[in-house]
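Novice: Below you'll find run-v1.cif; it's mmCIF, N, CA and C atoms and all ligand atoms.
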data_start
loop_
_atom_site.label_atom_id
_atom_site.label_comp_id
_atom_site.auth_asym_id
_atom_site.auth_seq_id
_atom_site.Cartn_x
_atom_site.Cartn_y
_atom_site.Cartn_z
N MET C 1 88.73 99.42 88.90
CA MET C 1 89.41 98.33 89.58
C MET C 1 90.82 98.75 89.99
N ILE C 2 91.17 98.35 91.20
CA ILE C 2 92.49 98.70 91.73
C ILE C 2 93.21 97.42 92.15
N LEU C 3 94.48 97.39 91.89
CA LEU C 3 95.30 96.26 92.33
C LEU C 3 96.14 96.74 93.52
N LEU C 4 95.97 96.09 94.65
CA LEU C 4 96.75 96.45 95.83
C LEU C 4 97.93 95.49 95.98
N LEU C 5 99.10 96.08 95.98
CA LEU C 5 100.33 95.29 96.09
C LEU C 5 101.12 95.77 97.30
N GLU C 6 101.59 94.84 98.11
CA GLU C 6 102.40 95.24 99.26
C GLU C 6 103.81 95.58 98.79
N SER C 7 104.40 96.58 99.44
CA SER C 7 105.73 97.03 99.00
C SER C 7 106.76 95.91 99.05
N ARG C 8 106.63 94.99 100.02
CA ARG C 8 107.61 93.88 100.10
C ARG C 8 107.48 92.97 98.86
N HIS C 9 106.25 92.85 98.35
CA HIS C 9 106.06 92.03 97.16
C HIS C 9 106.61 92.74 95.92
N VAL C 10 106.43 94.06 95.88
CA VAL C 10 106.98 94.83 94.76
C VAL C 10 108.50 94.70 94.76
N ASP C 11 109.10 94.80 95.94
CA ASP C 11 110.57 94.67 96.06
C ASP C 11 111.03 93.30 95.57
N LEU C 12 110.29 92.28 95.98
CA LEU C 12 110.62 90.90 95.59
C LEU C 12 110.57 90.74 94.07
N LEU C 13 109.52 91.29 93.45
CA LEU C 13 109.34 91.15 92.00
C LEU C 13 110.42 91.92 91.24
N LYS C 14 110.74 93.12 91.73
CA LYS C 14 111.77 93.93 91.06
C LYS C 14 113.13 93.26 91.17
N GLU C 15 113.39 92.69 92.34
CA GLU C 15 114.66 92.01 92.58
C GLU C 15 114.80 90.80 91.64
N GLU C 16 113.71 90.05 91.50
CA GLU C 16 113.71 88.89 90.63
C GLU C 16 113.97 89.32 89.17
N ALA C 17 113.33 90.41 88.77
CA ALA C 17 113.50 90.91 87.40
C ALA C 17 114.93 91.38 87.16
N ARG C 18 115.53 91.98 88.19
CA ARG C 18 116.92 92.42 88.07
C ARG C 18 117.85 91.22 87.89
N LYS C 19 117.56 90.18 88.66
CA LYS C 19 118.40 88.97 88.62
C LYS C 19 118.33 88.26 87.27
N THR C 20 117.12 88.19 86.70
CA THR C 20 116.96 87.41 85.47
C THR C 20 117.20 88.24 84.20
N HIS C 21 117.16 89.58 84.32
CA HIS C 21 117.33 90.46 83.15
C HIS C 21 118.49 90.01 82.26
N PRO C 22 118.39 89.93 80.92
CA PRO C 22 117.23 90.34 80.13
C PRO C 22 116.17 89.24 79.96
N ILE C 23 116.38 88.08 80.59
CA ILE C 23 115.36 87.02 80.54
C ILE C 23 114.14 87.51 81.32
N GLU C 24 112.96 87.20 80.82
CA GLU C 24 111.73 87.61 81.52
C GLU C 24 111.57 86.80 82.81
N ALA C 25 111.34 87.51 83.91
CA ALA C 25 111.06 86.87 85.20
C ALA C 25 109.56 86.63 85.29
N CYS C 26 109.14 85.62 86.07
CA CYS C 26 107.71 85.34 86.21
C CYS C 26 107.35 85.07 87.66
N ALA C 27 106.12 85.38 87.98
CA ALA C 27 105.59 85.06 89.31
C ALA C 27 104.08 84.92 89.21
N MET C 28 103.54 84.24 90.22
CA MET C 28 102.09 84.09 90.29
C MET C 28 101.60 84.84 91.52
N LEU C 29 100.44 85.48 91.38
CA LEU C 29 99.91 86.33 92.44
C LEU C 29 98.63 85.72 93.02
N PHE C 30 98.57 85.73 94.35
CA PHE C 30 97.41 85.13 95.04
C PHE C 30 96.88 86.07 96.11
N GLY C 31 95.60 85.91 96.42
CA GLY C 31 95.00 86.73 97.47
C GLY C 31 93.50 86.74 97.34
N GLU C 32 92.92 87.92 97.56
CA GLU C 32 91.47 88.04 97.52
C GLU C 32 91.06 89.11 96.52
N SER C 33 89.93 88.89 95.89
CA SER C 33 89.46 89.94 94.99
C SER C 33 87.97 90.17 95.15
N THR C 34 87.58 91.42 94.95
CA THR C 34 86.17 91.79 94.93
C THR C 34 85.95 92.49 93.59
N GLN C 35 84.78 93.00 93.39
CA GLN C 35 84.47 93.72 92.15
C GLN C 35 85.39 94.93 92.00
N LYS C 36 85.68 95.58 93.16
CA LYS C 36 86.41 96.85 93.12
C LYS C 36 87.92 96.72 93.21
N GLN C 37 88.38 95.72 93.96
CA GLN C 37 89.82 95.61 94.13
C GLN C 37 90.35 94.19 94.19
N VAL C 38 91.61 94.10 93.82
CA VAL C 38 92.32 92.83 93.86
C VAL C 38 93.44 93.03 94.87
N VAL C 39 93.44 92.22 95.92
CA VAL C 39 94.42 92.38 96.99
C VAL C 39 95.40 91.21 96.97
N VAL C 40 96.64 91.51 96.62
CA VAL C 40 97.65 90.46 96.55
C VAL C 40 98.20 90.20 97.95
N GLN C 41 98.14 88.93 98.37
CA GLN C 41 98.64 88.59 99.70
C GLN C 41 99.81 87.62 99.64
N LYS C 42 99.99 87.02 98.48
CA LYS C 42 101.08 86.05 98.36
C LYS C 42 101.64 86.10 96.94
N VAL C 43 102.95 86.09 96.83
CA VAL C 43 103.61 86.10 95.53
C VAL C 43 104.54 84.89 95.46
N ILE C 44 104.40 84.11 94.42
CA ILE C 44 105.29 82.96 94.23
C ILE C 44 106.10 83.19 92.96
N VAL C 45 107.40 83.32 93.13
CA VAL C 45 108.28 83.48 91.97
C VAL C 45 108.44 82.10 91.32
N VAL C 46 108.26 82.05 90.02
CA VAL C 46 108.36 80.77 89.30
C VAL C 46 109.32 80.91 88.12
N PRO C 47 109.95 79.80 87.73
CA PRO C 47 110.91 79.91 86.62
C PRO C 47 110.23 80.12 85.27
N ASN C 48 110.89 80.87 84.42
CA ASN C 48 110.46 81.02 83.03
C ASN C 48 111.02 79.83 82.26
N LYS C 49 110.13 78.93 81.90
CA LYS C 49 110.52 77.69 81.23
C LYS C 49 111.27 77.97 79.94
N LEU C 50 110.94 79.08 79.28
CA LEU C 50 111.53 79.38 77.96
C LEU C 50 112.88 80.11 78.05
N GLN C 51 113.19 80.68 79.23
CA GLN C 51 114.44 81.43 79.40
C GLN C 51 114.62 82.41 78.24
N SER C 52 113.56 83.14 77.95
CA SER C 52 113.54 84.03 76.80
C SER C 52 113.42 85.48 77.24
N ALA C 53 113.89 86.39 76.40
CA ALA C 53 113.79 87.81 76.67
C ALA C 53 112.55 88.42 76.02
N THR C 54 111.78 87.60 75.29
CA THR C 54 110.59 88.13 74.62
C THR C 54 109.31 87.39 74.99
N ARG C 55 109.44 86.26 75.66
CA ARG C 55 108.22 85.57 76.08
C ARG C 55 108.49 84.69 77.28
N PHE C 56 107.39 84.26 77.90
CA PHE C 56 107.54 83.41 79.08
C PHE C 56 106.52 82.29 79.05
N GLU C 57 106.87 81.25 79.78
CA GLU C 57 105.95 80.14 79.94
C GLU C 57 106.25 79.53 81.30
N ILE C 58 105.19 79.22 82.03
CA ILE C 58 105.35 78.59 83.34
C ILE C 58 104.95 77.13 83.19
N HIS C 59 105.76 76.25 83.73
CA HIS C 59 105.47 74.83 83.61
C HIS C 59 104.09 74.53 84.23
N PRO C 60 103.23 73.78 83.53
CA PRO C 60 101.89 73.50 84.05
C PRO C 60 101.88 72.89 85.45
N GLU C 61 102.87 72.02 85.73
CA GLU C 61 102.93 71.42 87.07
C GLU C 61 103.18 72.46 88.14
N THR C 62 104.01 73.46 87.80
CA THR C 62 104.31 74.55 88.73
C THR C 62 103.04 75.36 89.00
N VAL C 63 102.26 75.59 87.94
CA VAL C 63 101.02 76.36 88.07
C VAL C 63 100.05 75.62 89.00
N VAL C 64 99.87 74.32 88.74
CA VAL C 64 98.93 73.53 89.53
C VAL C 64 99.35 73.48 90.99
N LYS C 65 100.66 73.27 91.23
CA LYS C 65 101.17 73.16 92.59
C LYS C 65 100.94 74.48 93.36
N ALA C 66 101.28 75.58 92.72
CA ALA C 66 101.14 76.89 93.37
C ALA C 66 99.67 77.20 93.67
N ILE C 67 98.78 76.91 92.72
CA ILE C 67 97.36 77.19 92.92
C ILE C 67 96.78 76.30 94.02
N THR C 68 97.18 75.02 94.03
CA THR C 68 96.69 74.10 95.05
C THR C 68 97.12 74.55 96.44
N GLU C 69 98.41 74.92 96.58
CA GLU C 69 98.91 75.37 97.89
C GLU C 69 98.18 76.62 98.37
N ALA C 70 97.99 77.56 97.45
CA ALA C 70 97.33 78.82 97.81
C ALA C 70 95.88 78.56 98.22
N GLU C 71 95.22 77.68 97.50
CA GLU C 71 93.82 77.38 97.83
C GLU C 71 93.70 76.76 99.22
N GLN C 72 94.72 75.95 99.58
CA GLN C 72 94.71 75.37 100.93
C GLN C 72 94.86 76.45 101.99
N GLU C 73 95.48 77.57 101.59
CA GLU C 73 95.65 78.69 102.52
C GLU C 73 94.48 79.66 102.42
N GLY C 74 93.50 79.31 101.61
CA GLY C 74 92.32 80.16 101.46
C GLY C 74 92.52 81.32 100.50
N LEU C 75 93.55 81.26 99.68
CA LEU C 75 93.83 82.35 98.75
C LEU C 75 93.50 81.96 97.32
N GLY C 76 92.96 82.90 96.59
CA GLY C 76 92.61 82.63 95.20
C GLY C 76 93.72 83.06 94.25
N PHE C 77 93.71 82.51 93.07
CA PHE C 77 94.68 82.90 92.03
C PHE C 77 94.19 84.20 91.40
N LEU C 78 95.04 85.23 91.48
CA LEU C 78 94.63 86.55 91.00
C LEU C 78 95.26 86.96 89.68
N GLY C 79 96.50 86.51 89.49
CA GLY C 79 97.13 86.97 88.27
C GLY C 79 98.57 86.54 88.11
N LEU C 80 99.15 87.04 87.04
CA LEU C 80 100.52 86.69 86.67
C LEU C 80 101.39 87.93 86.63
N PHE C 81 102.63 87.74 87.02
CA PHE C 81 103.62 88.81 86.88
C PHE C 81 104.67 88.33 85.90
N HIS C 82 105.13 89.22 85.03
CA HIS C 82 106.37 88.93 84.30
C HIS C 82 107.06 90.24 83.97
N SER C 83 108.34 90.14 83.68
CA SER C 83 109.10 91.34 83.38
C SER C 83 109.41 91.38 81.89
N HIS C 84 109.68 92.58 81.43
CA HIS C 84 110.08 92.81 80.04
C HIS C 84 111.39 93.58 80.03
N PRO C 85 112.35 93.19 79.20
CA PRO C 85 113.52 94.05 79.02
C PRO C 85 113.15 95.11 77.98
N ALA C 86 111.99 95.72 78.18
CA ALA C 86 111.34 96.63 77.23
C ALA C 86 110.25 97.34 78.03
N PRO C 87 109.47 98.24 77.39
CA PRO C 87 108.40 98.90 78.15
C PRO C 87 107.41 97.91 78.78
N ALA C 88 106.74 98.37 79.86
CA ALA C 88 105.82 97.51 80.62
C ALA C 88 104.42 97.47 80.00
N THR C 89 104.37 97.18 78.71
CA THR C 89 103.07 97.07 78.04
C THR C 89 102.96 95.65 77.46
N PRO C 90 101.75 95.11 77.40
CA PRO C 90 101.60 93.73 76.92
C PRO C 90 102.02 93.60 75.44
N SER C 91 102.79 92.56 75.15
CA SER C 91 103.19 92.31 73.77
C SER C 91 102.03 91.62 73.05
N LEU C 92 102.17 91.40 71.76
CA LEU C 92 101.12 90.71 71.01
C LEU C 92 100.96 89.28 71.52
N ILE C 93 102.09 88.67 71.92
CA ILE C 93 102.02 87.31 72.48
C ILE C 93 101.28 87.35 73.81
N ASP C 94 101.55 88.40 74.62
CA ASP C 94 100.83 88.54 75.89
C ASP C 94 99.33 88.63 75.65
N HIS C 95 98.92 89.41 74.66
CA HIS C 95 97.49 89.55 74.34
C HIS C 95 96.87 88.18 74.08
N LYS C 96 97.60 87.37 73.34
CA LYS C 96 97.10 86.04 73.00
C LYS C 96 96.90 85.20 74.27
N PHE C 97 97.92 85.26 75.16
CA PHE C 97 97.82 84.46 76.37
C PHE C 97 96.85 85.04 77.40
N MET C 98 96.64 86.35 77.35
CA MET C 98 95.67 86.96 78.26
C MET C 98 94.28 86.39 77.96
N LYS C 99 94.02 86.14 76.71
CA LYS C 99 92.74 85.55 76.32
C LYS C 99 92.59 84.17 76.95
N LEU C 100 93.69 83.40 76.92
CA LEU C 100 93.64 82.04 77.45
C LEU C 100 93.49 82.00 78.97
N TRP C 101 94.13 82.98 79.66
CA TRP C 101 94.10 82.97 81.12
C TRP C 101 92.81 83.58 81.69
N GLY C 102 91.98 84.15 80.85
CA GLY C 102 90.73 84.71 81.34
C GLY C 102 90.90 86.09 81.94
N ASP C 103 90.12 86.38 83.02
CA ASP C 103 90.12 87.76 83.51
C ASP C 103 91.14 88.03 84.62
N VAL C 104 92.18 87.21 84.73
CA VAL C 104 93.18 87.47 85.76
C VAL C 104 93.99 88.72 85.40
N VAL C 105 94.60 89.31 86.42
CA VAL C 105 95.38 90.53 86.23
C VAL C 105 96.80 90.17 85.79
N TRP C 106 97.31 90.95 84.87
CA TRP C 106 98.69 90.77 84.42
C TRP C 106 99.51 91.97 84.88
N VAL C 107 100.53 91.68 85.67
CA VAL C 107 101.42 92.75 86.14
C VAL C 107 102.71 92.64 85.34
N ILE C 108 103.12 93.75 84.76
CA ILE C 108 104.35 93.75 83.95
C ILE C 108 105.31 94.80 84.50
N TYR C 109 106.55 94.40 84.66
CA TYR C 109 107.59 95.30 85.15
C TYR C 109 108.65 95.44 84.07
N SER C 110 109.02 96.67 83.80
CA SER C 110 110.08 96.88 82.82
C SER C 110 111.42 96.83 83.52
N SER C 111 112.24 95.85 83.15
CA SER C 111 113.57 95.75 83.76
C SER C 111 114.55 96.72 83.11
N THR C 112 114.06 97.51 82.14
CA THR C 112 114.92 98.54 81.56
C THR C 112 114.61 99.93 82.10
N ASN C 113 113.31 100.26 82.31
CA ASN C 113 113.02 101.61 82.82
C ASN C 113 112.34 101.65 84.19
N GLY C 114 112.13 100.45 84.78
CA GLY C 114 111.59 100.41 86.14
C GLY C 114 110.09 100.66 86.26
N ALA C 115 109.38 100.75 85.14
CA ALA C 115 107.94 100.99 85.21
C ALA C 115 107.21 99.70 85.59
N LEU C 116 106.17 99.86 86.39
CA LEU C 116 105.35 98.73 86.81
C LEU C 116 103.91 99.05 86.39
N ALA C 117 103.27 98.13 85.70
CA ALA C 117 101.91 98.38 85.24
C ALA C 117 101.09 97.10 85.31
N ALA C 118 99.78 97.26 85.37
CA ALA C 118 98.90 96.09 85.44
C ALA C 118 97.80 96.20 84.40
N TYR C 119 97.38 95.06 83.90
CA TYR C 119 96.38 95.01 82.83
C TYR C 119 95.43 93.86 83.08
N GLN C 120 94.26 94.02 82.49
CA GLN C 120 93.27 92.94 82.58
C GLN C 120 92.52 92.91 81.26
N MET C 121 92.25 91.70 80.80
CA MET C 121 91.47 91.59 79.58
C MET C 121 90.01 91.38 79.96
N LYS C 122 89.18 92.29 79.48
CA LYS C 122 87.74 92.20 79.74
C LYS C 122 87.03 92.29 78.41
N ASN C 123 86.19 91.30 78.13
CA ASN C 123 85.45 91.26 76.87
C ASN C 123 86.36 91.43 75.65
N GLY C 124 87.51 90.79 75.72
CA GLY C 124 88.44 90.82 74.60
C GLY C 124 89.26 92.09 74.47
N GLU C 125 89.08 93.01 75.42
CA GLU C 125 89.85 94.26 75.36
C GLU C 125 90.81 94.35 76.54
N VAL C 126 92.03 94.81 76.27
CA VAL C 126 93.01 94.94 77.34
C VAL C 126 92.88 96.33 77.97
N ARG C 127 92.68 96.34 79.29
CA ARG C 127 92.56 97.61 80.00
C ARG C 127 93.65 97.71 81.06
N GLU C 128 94.12 98.93 81.29
CA GLU C 128 95.11 99.12 82.34
C GLU C 128 94.39 99.14 83.69
N VAL C 129 95.03 98.56 84.68
CA VAL C 129 94.49 98.50 86.04
C VAL C 129 95.40 99.37 86.91
N SER C 130 94.81 100.23 87.76
CA SER C 130 95.64 101.06 88.64
C SER C 130 96.28 100.20 89.72
N ILE C 131 97.52 100.52 90.02
CA ILE C 131 98.23 99.80 91.07
C ILE C 131 98.39 100.73 92.27
N GLN C 132 98.05 100.22 93.44
CA GLN C 132 98.30 100.97 94.66
C GLN C 132 99.26 100.15 95.50
N ILE C 133 100.40 100.75 95.81
CA ILE C 133 101.39 100.03 96.61
C ILE C 133 101.17 100.38 98.07
N VAL C 134 100.94 99.33 98.87
CA VAL C 134 100.67 99.56 100.30
C VAL C 134 101.87 99.10 101.12
N PRO C 135 102.15 99.82 102.21
CA PRO C 135 103.30 99.42 103.03
C PRO C 135 103.07 98.04 103.67
N ALA C 136 104.14 97.30 103.84
CA ALA C 136 104.02 95.99 104.47
C ALA C 136 105.25 95.71 105.32
ZN ZN C 201 105.16 90.05 78.04
#
The structure given in the file should be rewritten as structure tokens.
Ligand SMILES: [Zn+2]

Specialist:
Amino acid sequence: MILLLESRHVDLLKEEARKTHPIEACAMLFGESTQKQVVVQKVIVVPNKLQSATRFEIHPETVVKAITEAEQEGLGFLGLFHSHPAPATPSLIDHKFMKLWGDVVWVIYSSTNGALAAYQMKNGEVREVSIQIVPA
């Protein structure tokens, strides 16, 4: 599985993470997915309700609003982005929430070392997803 991200979206996410550092930044990712690839076409930056450097939470109303708008545009909900003021690997809390969110992709950006990585939980196991950045 490959995650395709447009460079303008990567820039937007990195910029958001720089602005909120060390607080975790969050965004929701929308677009189209097939068995082989997940193509992000829309990124919505959303506030971290917890304003925390170790965890994030998106207000449920914000989630519903963003998903409803994207669906009206014909786009599906693909995954979540958040930043870490630490390495770009899922924390134990992330593992817990990955279970709750199902098989969506989790993109994590390290606001300390600039690494960008993606993960997906499949059958209770967290796997890394390759990211391909495409020009936009
Ligand atoms: Zn995290």

Novice: Can you tell me which residues come within 8 Å of ligand ZN 201 (chain C) when counting all atoms listed in the file, ideally as a VMD selection string?

Specialist: chain C and resid 24 53 to 56 82 to 85 88 to 95 108

Novice: List every residue of chain C that DSSP, applied to the backbone of this structure, assigns to helix (DSSP H, G or I), and report them as an MDAnalysis selection string.

Specialist: chainID C and resid 7:20 60:72 92:101

Novice: Report the distance between CA of Ile2 (chain C) and CA of Glu128 (chain C) in Å, rounded to one decimal place.

Specialist: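 Computed distance, CA of Ile2 (chain C) to CA of Glu128 (chain C), equals 9.8 Å.
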
Novice: When DSSP is applied to the backbone of this structure, which of region 1-96 of chain C are assigned strand (DSSP E or B)? Write them out as a ChimeraX atom specification.

Specialist: /C:2-6,26-33,37-46,76-84

Novice: Could you dump the residues just selected with N, CA and C atoms as a short mmCIF file (atom, residue, chain, number, x, y, z; two decimals), keeping the file's coordinate frame?

Specialist:
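For reference, part-v4.cif as written:
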data_model
loop_
_atom_site.label_atom_id
_atom_site.label_comp_id
_atom_site.auth_asym_id
_atom_site.auth_seq_id
_atom_site.Cartn_x
_atom_site.Cartn_y
_atom_site.Cartn_z
N ILE C 2 91.17 98.35 91.20
CA ILE C 2 92.49 98.70 91.73
C ILE C 2 93.21 97.42 92.15
N LEU C 3 94.48 97.39 91.89
CA LEU C 3 95.30 96.26 92.33
C LEU C 3 96.14 96.74 93.52
N LEU C 4 95.97 96.09 94.65
CA LEU C 4 96.75 96.45 95.83
C LEU C 4 97.93 95.49 95.98
N LEU C 5 99.10 96.08 95.98
CA LEU C 5 100.33 95.29 96.09
C LEU C 5 101.12 95.77 97.30
N GLU C 6 101.59 94.84 98.11
CA GLU C 6 102.40 95.24 99.26
C GLU C 6 103.81 95.58 98.79
N CYS C 26 109.14 85.62 86.07
CA CYS C 26 107.71 85.34 86.21
C CYS C 26 107.35 85.07 87.66
N ALA C 27 106.12 85.38 87.98
CA ALA C 27 105.59 85.06 89.31
C ALA C 27 104.08 84.92 89.21
N MET C 28 103.54 84.24 90.22
CA MET C 28 102.09 84.09 90.29
C MET C 28 101.60 84.84 91.52
N LEU C 29 100.44 85.48 91.38
CA LEU C 29 99.91 86.33 92.44
C LEU C 29 98.63 85.72 93.02
N PHE C 30 98.57 85.73 94.35
CA PHE C 30 97.41 85.13 95.04
C PHE C 30 96.88 86.07 96.11
N GLY C 31 95.60 85.91 96.42
CA GLY C 31 95.00 86.73 97.47
C GLY C 31 93.50 86.74 97.34
N GLU C 32 92.92 87.92 97.56
CA GLU C 32 91.47 88.04 97.52
C GLU C 32 91.06 89.11 96.52
N SER C 33 89.93 88.89 95.89
CA SER C 33 89.46 89.94 94.99
C SER C 33 87.97 90.17 95.15
N GLN C 37 88.38 95.72 93.96
CA GLN C 37 89.82 95.61 94.13
C GLN C 37 90.35 94.19 94.19
N VAL C 38 91.61 94.10 93.82
CA VAL C 38 92.32 92.83 93.86
C VAL C 38 93.44 93.03 94.87
N VAL C 39 93.44 92.22 95.92
CA VAL C 39 94.42 92.38 96.99
C VAL C 39 95.40 91.21 96.97
N VAL C 40 96.64 91.51 96.62
CA VAL C 40 97.65 90.46 96.55
C VAL C 40 98.20 90.20 97.95
N GLN C 41 98.14 88.93 98.37
CA GLN C 41 98.64 88.59 99.70
C GLN C 41 99.81 87.62 99.64
N LYS C 42 99.99 87.02 98.48
CA LYS C 42 101.08 86.05 98.36
C LYS C 42 101.64 86.10 96.94
N VAL C 43 102.95 86.09 96.83
CA VAL C 43 103.61 86.10 95.53
C VAL C 43 104.54 84.89 95.46
N ILE C 44 104.40 84.11 94.42
CA ILE C 44 105.29 82.96 94.23
C ILE C 44 106.10 83.19 92.96
N VAL C 45 107.40 83.32 93.13
CA VAL C 45 108.28 83.48 91.97
C VAL C 45 108.44 82.10 91.32
N VAL C 46 108.26 82.05 90.02
CA VAL C 46 108.36 80.77 89.30
C VAL C 46 109.32 80.91 88.12
N GLY C 76 92.96 82.90 96.59
CA GLY C 76 92.61 82.63 95.20
C GLY C 76 93.72 83.06 94.25
N PHE C 77 93.71 82.51 93.07
CA PHE C 77 94.68 82.90 92.03
C PHE C 77 94.19 84.20 91.40
N LEU C 78 95.04 85.23 91.48
CA LEU C 78 94.63 86.55 91.00
C LEU C 78 95.26 86.96 89.68
N GLY C 79 96.50 86.51 89.49
CA GLY C 79 97.13 86.97 88.27
C GLY C 79 98.57 86.54 88.11
N LEU C 80 99.15 87.04 87.04
CA LEU C 80 100.52 86.69 86.67
C LEU C 80 101.39 87.93 86.63
N PHE C 81 102.63 87.74 87.02
CA PHE C 81 103.62 88.81 86.88
C PHE C 81 104.67 88.33 85.90
N HIS C 82 105.13 89.22 85.03
CA HIS C 82 106.37 88.93 84.30
C HIS C 82 107.06 90.24 83.97
N SER C 83 108.34 90.14 83.68
CA SER C 83 109.10 91.34 83.38
C SER C 83 109.41 91.38 81.89
N HIS C 84 109.68 92.58 81.43
CA HIS C 84 110.08 92.81 80.04
C HIS C 84 111.39 93.58 80.03
#

Novice: Can you tell me which residues surround region 7-11 of chain C at a distance of at most 6.5 Å, considering only N, CA and C atoms, apart from same-chain residues fewer than 5 positions away, and format the answer as a ChimeraX atom specification?

Specialist: /C:16,133-136

Novice: For the residues in that selection, give me N, CA and C atoms as a PDB file, keeping the file's coordinate frame.

Specialist:
ATOM      1  N   GLU C  16     113.710  90.050  91.500  1.00  0.00           N
ATOM      2  CA  GLU C  16     113.710  88.890  90.630  1.00  0.00           C
ATOM      3  C   GLU C  16     113.970  89.320  89.170  1.00  0.00           C
ATOM      4  N   ILE C 133     100.400 100.750  95.810  1.00  0.00           N
ATOM      5  CA  ILE C 133     101.390 100.030  96.610  1.00  0.00           C
ATOM      6  C   ILE C 133     101.170 100.380  98.070  1.00  0.00           C
ATOM      7  N   VAL C 134     100.940  99.330  98.870  1.00  0.00           N
ATOM      8  CA  VAL C 134     100.670  99.560 100.300  1.00  0.00           C
ATOM      9  C   VAL C 134     101.870  99.100 101.120  1.00  0.00           C
ATOM     10  N   PRO C 135     102.150  99.820 102.210  1.00  0.00           N
ATOM     11  CA  PRO C 135     103.300  99.420 103.030  1.00  0.00           C
ATOM     12  C   PRO C 135     103.070  98.040 103.670  1.00  0.00           C
ATOM     13  N   ALA C 136     104.140  97.300 103.840  1.00  0.00           N
ATOM     14  CA  ALA C 136     104.020  95.990 104.470  1.00  0.00           C
ATOM     15  C   ALA C 136     105.250  95.710 105.320  1.00  0.00           C
TER      16      ALA C 136
END

Novice: Just give me the gap between atom C of Lys49 (chain C) and atom N of Ser33 (chain C) in Å, one decimal is fine.

Specialist: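 Going from atom C of Lys49 (chain C) over to atom N of Ser33 (chain C), I get 28.8 Å.
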
Novice: Between C:Thr68, C:Asn123, C:Asn113, C:Thr62, which residue has the minimum interatomic distance to Val46 (chain C), considering only N, CA and C atoms?

Specialist: C:Thr62

Novice: To one decimal place, how far is atom N of Glu69 (chain C) from CA of Phe30 (chain C) in Å?

Specialist: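 Value for the atom N of Glu69 (chain C)-CA of Phe30 (chain C) distance: 10.4 Å.
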
Novice: Go through C:Ser111, C:Lys65, C:Phe97, C:Gly74 and flag the residue nearest Pro22 (chain C), using only N, CA and C atoms for the distances.

Specialist: C:Ser111

Novice: Which one of C:Ile131, C:Val104, C:Leu4, C:Leu116 sits closest to Val38 (chain C) if you count only C-alpha atoms?

Specialist: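 Nearest candidate to Val38 (chain C) out of C:Ile131, C:Val104, C:Leu4, C:Leu116: C:Leu4.
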
Novice: Take region 105-109 of chain C, bring it up to all heavy atoms, and give me the output as a JSON list (two decimals), keeping the file's coordinate frame.

Specialist:
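Written file, selection_36.json:
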[["chain", "number", "residue", "atom", "x", "y", "z"],
["C", 105, "VAL", "N", 94.60, 89.31, 86.42],
["C", 105, "VAL", "CA", 95.38, 90.53, 86.23],
["C", 105, "VAL", "C", 96.80, 90.17, 85.79],
["C", 105, "VAL", "O", 97.38, 89.21, 86.28],
["C", 105, "VAL", "CB", 95.41, 91.34, 87.54],
["C", 105, "VAL", "CG1", 96.35, 92.54, 87.43],
["C", 105, "VAL", "CG2", 94.01, 91.81, 87.91],
["C", 106, "TRP", "N", 97.31, 90.95, 84.87],
["C", 106, "TRP", "CA", 98.69, 90.77, 84.42],
["C", 106, "TRP", "C", 99.51, 91.97, 84.88],
["C", 106, "TRP", "O", 99.19, 93.11, 84.50],
["C", 106, "TRP", "CB", 98.74, 90.68, 82.88],
["C", 106, "TRP", "CG", 98.31, 89.35, 82.36],
["C", 106, "TRP", "CD1", 97.14, 88.71, 82.64],
["C", 106, "TRP", "CD2", 99.05, 88.48, 81.48],
["C", 106, "TRP", "NE1", 97.10, 87.50, 81.98],
["C", 106, "TRP", "CE2", 98.25, 87.34, 81.27],
["C", 106, "TRP", "CE3", 100.30, 88.59, 80.86],
["C", 106, "TRP", "CZ2", 98.68, 86.28, 80.45],
["C", 106, "TRP", "CZ3", 100.71, 87.55, 80.05],
["C", 106, "TRP", "CH2", 99.91, 86.40, 79.85],
["C", 107, "VAL", "N", 100.53, 91.68, 85.67],
["C", 107, "VAL", "CA", 101.42, 92.75, 86.14],
["C", 107, "VAL", "C", 102.71, 92.64, 85.34],
["C", 107, "VAL", "O", 103.29, 91.56, 85.24],
["C", 107, "VAL", "CB", 101.69, 92.63, 87.65],
["C", 107, "VAL", "CG1", 102.66, 93.72, 88.11],
["C", 107, "VAL", "CG2", 100.38, 92.71, 88.45],
["C", 108, "ILE", "N", 103.12, 93.75, 84.76],
["C", 108, "ILE", "CA", 104.35, 93.75, 83.95],
["C", 108, "ILE", "C", 105.31, 94.80, 84.50],
["C", 108, "ILE", "O", 104.91, 95.93, 84.80],
["C", 108, "ILE", "CB", 104.05, 94.02, 82.45],
["C", 108, "ILE", "CG1", 103.03, 92.99, 81.92],
["C", 108, "ILE", "CG2", 105.34, 93.96, 81.62],
["C", 108, "ILE", "CD1", 102.63, 93.22, 80.46],
["C", 109, "TYR", "N", 106.55, 94.40, 84.66],
["C", 109, "TYR", "CA", 107.59, 95.30, 85.15],
["C", 109, "TYR", "C", 108.65, 95.44, 84.07],
["C", 109, "TYR", "O", 109.09, 94.45, 83.50],
["C", 109, "TYR", "CB", 108.22, 94.73, 86.43],
["C", 109, "TYR", "CG", 109.41, 95.50, 86.93],
["C", 109, "TYR", "CD1", 109.26, 96.76, 87.48],
["C", 109, "TYR", "CD2", 110.70, 94.97, 86.83],
["C", 109, "TYR", "CE1", 110.35, 97.49, 87.94],
["C", 109, "TYR", "CE2", 111.80, 95.68, 87.29],
["C", 109, "TYR", "CZ", 111.61, 96.94, 87.85],
["C", 109, "TYR", "OH", 112.70, 97.65, 88.28]]
